[in-house]
Amino acid sequence: MSDALPGTPIEAAVELTRLAAQLAEYDRAYHEQDAPLVTDAEYDALRRRNAAIEAAFPDLVRTDSPSHRVGSAPASGFAKIRHVVPMLSLDNAFAPEDFTDFVERAQRFLGTTQPFAFVGEPKIDGLSISLTYIDGHLAFAATRGDGSEGEDVTANIRAIPAIPQTLRGPAPARIEIRGEVFMDKQAFLALNVAQEAANQKIFANPRNAAAGSLRQLDASVTASRPLRLFAYAMGESSEPVATTHHSYLERLRGWGFDVNDLSTQLPNTDAAIAFQSRVGTERAGLPYDIDGVVYKIDALDLQARLGFVGRAPRWAIAWKFPAERATTILEKIDIQVGRTGALTPVAWLTPVGVGGVLVARATLHNEDEIARLDVREGDVVEVQRAGDVIPQIVARIGDHRPDSTPFVPLDTCPVCGSPAHRPAGEVVRRCTGGLVCPAQAEEHLIHFASRGAFDIEGLGEKTVREFFADKLIATPADIFRLREDQIIGREGWGELSARNLITAIAQRRTIALERFIYALGIRRIGEANAKLLARHYGSVAHWRAQMELAVQIGSEAREALGNILRIGPAIATELADFFAVASNRTRVDELTGLLTIKDAEPEAISDSPLAGKTIVFTGGLATLARPEAKAIAERLGAKVTDSVSKKTDLVVLGTDAGSKAKKAAELGIATVDETGFRILAGLEVNSGA
DNA sequence: GTGCCTCGAGTTCC
DNA sequence: CTCGAGGCAC
């Protein structure tokens with residue numbers, strides 16, 4: 001299998017096609033018949049070959065590429081599946097004004113005042129699932145995961161009778177269908193009775209019961225649980241299947257899926273607002289839990305034009321019902337020290353059930369929040385779970401106890417005793433001890449090993465805390481000096497687990513530059529900014545050298561830093577401050593000595609003629625609203641600014657273009673009219689006129 | 001100068 | 001998930 005890679009794109013395409021079919025067949029045999037056709041080693045070799053060819057011919061990656069299914073199933077747990085279309089979250093509304101804001105934003109984006117038709121669908125409290133059907137047969141199923149990568153739960157999904165294995169009637173060659181797996185309230189109660197009788201775990205709520213039932217390694221357990229599914233969304237599809245969302249739901253019914261009967265087409269905003277209150281009154285009588293209603297703009301062409309902002313579509317919103325609240329006692333206010341030294345007050349509560357879970361702690365965020373709520377230890381407080389997840393204190397109930405005293409912010413760190421300062425204009429108080437503070441050092445290590453950073457399997461938060469407490473590791477570099485004999489014999493650690501951990505650490509000795517930068521835990525350098533820096537500097541050596549220079553105020557390196565898009569003065573200063581500290585430089589250099597840090601890959605360049613260009617729009621556009629035109633240009637890799645300068649590559653002249661058109665002419669910058677822009681953007685074909 | 005949007009950092013429970 | 005703060009467009 002170490003054959004040379006195909007020499008031509010045609011050979012490559014042929015081989016990729018063959019590999020996709022072959023691997024799909026092996027997958028089916030493995031998962032469906034539980035009868036592997038090849039050894040694991042042979043299978044892995046084929047996958048590696050597929051990946052190598054794809055790396056050499058990235059344009060040829062197939063939509064049904066086996067590489068979209070990453071990794072084979074590990075001994076325990078689930079393999080990962082990458083979503084071809086990310087599974088995103090939705091913006092929330094809590095009041096009619098939030099809903100009308102959402103509508104107005106969409107209208108502004110499209111440059112229209114036309115009302116929208118919507119589809120309203122009860123938002124089931126379950127788990128989102130992605131189901132991919134190839135040639136009408138269920139090929140694989142994945143959980144939402146982090147939105148871009150979920151867990152492969154194909155075997156478990158196959159065990160649910162309510163989910164079709166085969167689509168009824170004609171269907172696209174490849175289609176991904178999304179829906180919510182859930183358990184009826186009654187089935188949940190019955191399951192808990194059975195669980196109790198069998199001395200098994202009791203589930204806190206139907207959602208947890210559904211999640212627990214689906215995440216069974218033994219699919220026969222899943223089969224025994226009464227799980228249901230409502231289908232409601234489209235992922236990728238090899239051909240269009242509908243022009244409106246409501247007709248898409250009809251197609252789903254036709255293929256054999258359950259679609260929520262309450263889902264309704266709504267002609268306008270007023271109808272949506274009325275629907276919200278109607279569903280609200282029916283909520284308690286429904287056989288399943290819902291936490292709101294999702295509204296989607298019905299026309300799919302509008303959905304496509306609206307696209308996404310951040311992590312949420314512009315064409316849908318989740319209008320939530322008010323969260324359930326509970327009353328309990330605030331027993332104690334504790335102070336936690338975070339990775340950056342932030343002192344965060346956390347409330348310890350008399351445990352109370354809220355929305356199906358027992359809540360014992362809730363963050364108070366900062367001292368301003370405590371003052372705003374005017375809460376003290378001993379107060380009775382009202383608690384809710386924000387977005388039905390994170391507990392928060394909503395309000396104090398009644399008066400303070402007579403003997404209570406107001407919360408006094410600490411002026412020293414509770415862990416290391418260093419002074420704790422709250423800079424003017426900021427909300428957060430911070431320990432000034434830096435990495436000398438054991439709490440900060442420990443949180444730093446947790447961050448270093450965490451998912452977006454080095455992602456060391458087996459070195460999770462709990463293990464880091466244990467190792468840190470026992471002085472096995474004090475700095476990130478210590479992780480790479482760990483030896484098996486230091487771990488074997490510790491509680492819960494045998495020879496095998498120790499060896500696995502050392503292997504996992506060794507695997508991460510080679511690391512991408514962006515992960516390395518992120519792992520350092522420099523304030524304000526999160527995943528996104530680390531990526532920007534990595535892409536900009538390319539290699540550790542270059543980055544390191546430039547950072548050294550940036551420490552000098554007025555240096556070219558520092559100015560260059562500020563010129564990176566989205567890196568402003570605050571972030572530049574933070575980096576310079578970090579590298580001004582000798583111990584930080586030592587840490588970085590120690591790590592670079594121990595590791596192999598891979599150069600960053602340059603920005604993927606789209607083949608659009610607009611890619612990499614700086615564009616200015618001026619005047620009125622007839623066919624596109626300004627925000628939409630901007631979004632289209634940016635999607636094709638252009639940067640859109642609002643004033644014409646030497647750096648501008650192209651000016652799009654609308655009607656009544658004024659001073660900017662003149663300036664473009666003066667500077668000799670290329671201009672196009674709106675039609676010209678549409679052609680460049682690929683929105684229409686050049687008619688040759 | 002104001003207001004959107006993105007990002008970072010903090011957090012809970014299972 | 002939520003908040004505050006930074007960056008940048010308007």
# chains A, B, ... in the order shown; residues from 1 in each chain; ligands from 1
>>> interface_residues(of="chain A", to="chain B", cutoff="10 Å", atoms="only C-alpha atoms (C1' of nucleotides)", output="MDAnalysis selection string")
chainID A and resid 203:204 208 212 309:310 338:340 342:344 346 357:365 385 389:392 523:529 566
>>> write_last_selection(atoms="C-alpha atoms", output="short mmCIF file (atom, residue, chain, number, x, y, z; two decimals), in the first residue's frame")
data_model
loop_
_atom_site.label_atom_id
_atom_site.label_comp_id
_atom_site.auth_asym_id
_atom_site.auth_seq_id
_atom_site.Cartn_x
_atom_site.Cartn_y
_atom_site.Cartn_z
CA PHE A 203 -32.77 8.96 35.07
CA ALA A 204 -33.33 12.54 36.14
CA ASN A 208 -31.14 12.27 30.09
CA GLY A 212 -28.31 7.54 28.16
CA VAL A 309 -23.91 34.69 11.32
CA GLY A 310 -21.48 33.22 13.79
CA GLY A 338 -9.23 30.78 37.32
CA ARG A 339 -6.46 30.26 34.78
CA THR A 340 -5.93 33.97 34.27
CA ALA A 342 -9.80 35.82 37.84
CA LEU A 343 -11.44 35.55 41.24
CA THR A 344 -14.95 34.26 40.68
CA VAL A 346 -19.49 30.85 43.38
CA VAL A 357 -31.47 18.09 37.81
CA LEU A 358 -30.21 18.76 41.29
CA VAL A 359 -28.40 22.08 41.49
CA ALA A 360 -25.90 22.68 44.28
CA ARG A 361 -23.71 25.45 42.89
CA ALA A 362 -24.24 28.52 40.77
CA THR A 363 -21.82 31.13 39.57
CA LEU A 364 -22.22 34.69 40.80
CA HIS A 365 -19.83 35.92 38.06
CA ARG A 385 -31.02 27.09 34.60
CA VAL A 389 -28.27 24.30 31.33
CA ILE A 390 -26.17 26.61 33.46
CA PRO A 391 -27.66 27.38 36.89
CA GLN A 392 -27.93 31.03 37.76
CA ARG A 523 -4.62 36.10 27.95
CA ARG A 524 -6.87 37.09 25.03
CA ILE A 525 -5.28 34.48 22.82
CA GLY A 526 -8.02 31.91 22.37
CA GLU A 527 -8.45 29.48 19.53
CA ALA A 528 -9.38 32.08 16.93
CA ASN A 529 -6.56 34.50 17.69
CA ARG A 566 -8.55 41.45 14.02
#
>>> residues_around(residues="Leu445 in chain A", least_positions_apart="2", cutoff="10 Å", atoms="only C-alpha atoms (C1' of nucleotides)", output="number ranges by chain")
A: 339, 440-443, 447-450, 459-461, 464-465, 468, 473-479, 519-521
>>> atom_distance(atom1="CA of Ala541 in chain A", atom2="CA of Asp599 in chain A")
9.4 Å
>>> select_by_dssp(residues="range 457-637 of chain A", states="helix (DSSP H, G or I)", output="number ranges by chain")
A: 461-469, 476-479, 484-487, 495-507, 513-519, 527-537, 540-550, 556-563, 569-580, 582-594, 626-635
>>> interface_residues(of="chain C", to="chain A", cutoff="8 Å", atoms="only C-alpha atoms (C1' of nucleotides)", output="PyMOL selection string")
chain C and resi 1+4+6-7+9
>>> write_last_selection(atoms="N, CA and C atoms (P, O5', C5', C4', C3', O3' and C1' of nucleotides)", output="short mmCIF file (atom, residue, chain, number, x, y, z; two decimals), in the first residue's frame")
data_model
loop_
_atom_site.label_atom_id
_atom_site.label_comp_id
_atom_site.auth_asym_id
_atom_site.auth_seq_id
_atom_site.Cartn_x
_atom_site.Cartn_y
_atom_site.Cartn_z
P DC C 1 -26.61 26.69 24.05
"O5'" DC C 1 -26.64 27.64 25.35
"C5'" DC C 1 -27.01 27.08 26.61
"C4'" DC C 1 -26.71 28.12 27.66
"C3'" DC C 1 -26.73 29.54 27.11
"O3'" DC C 1 -27.32 30.39 28.08
"C1'" DC C 1 -24.59 29.09 28.01
P DG C 4 -21.73 41.81 31.91
"O5'" DG C 4 -20.22 41.84 31.43
"C5'" DG C 4 -19.20 41.35 32.28
"C4'" DG C 4 -17.88 41.51 31.56
"C3'" DG C 4 -17.61 42.94 31.09
"O3'" DG C 4 -16.25 43.19 31.36
"C1'" DG C 4 -17.61 41.46 29.23
P DG C 6 -10.84 45.56 26.59
"O5'" DG C 6 -10.67 45.09 25.08
"C5'" DG C 6 -10.15 43.79 24.83
"C4'" DG C 6 -10.28 43.53 23.36
"C3'" DG C 6 -9.76 44.65 22.47
"O3'" DG C 6 -9.02 44.04 21.44
"C1'" DG C 6 -12.03 44.19 21.95
P DG C 7 -8.30 44.88 20.34
"O5'" DG C 7 -9.37 44.78 19.17
"C5'" DG C 7 -9.66 43.52 18.61
"C4'" DG C 7 -10.47 43.70 17.37
"C3'" DG C 7 -10.00 44.85 16.48
"O3'" DG C 7 -10.08 44.37 15.15
"C1'" DG C 7 -12.26 45.19 17.09
P DA C 9 -13.85 47.33 9.31
"O5'" DA C 9 -15.39 47.63 9.07
"C5'" DA C 9 -16.35 46.60 9.36
"C4'" DA C 9 -17.71 47.22 9.52
"C3'" DA C 9 -18.04 48.29 8.49
"O3'" DA C 9 -19.40 48.12 8.13
"C1'" DA C 9 -18.12 49.23 10.66
#
>>> atom_distance(atom1="CA of Ala95 in chain A", atom2="CA of Val354 in chain A")
21.9 Å
>>> atom_distance(atom1="CA of Thr328 in chain A", atom2="CA of Arg396 in chain A")
9.8 Å
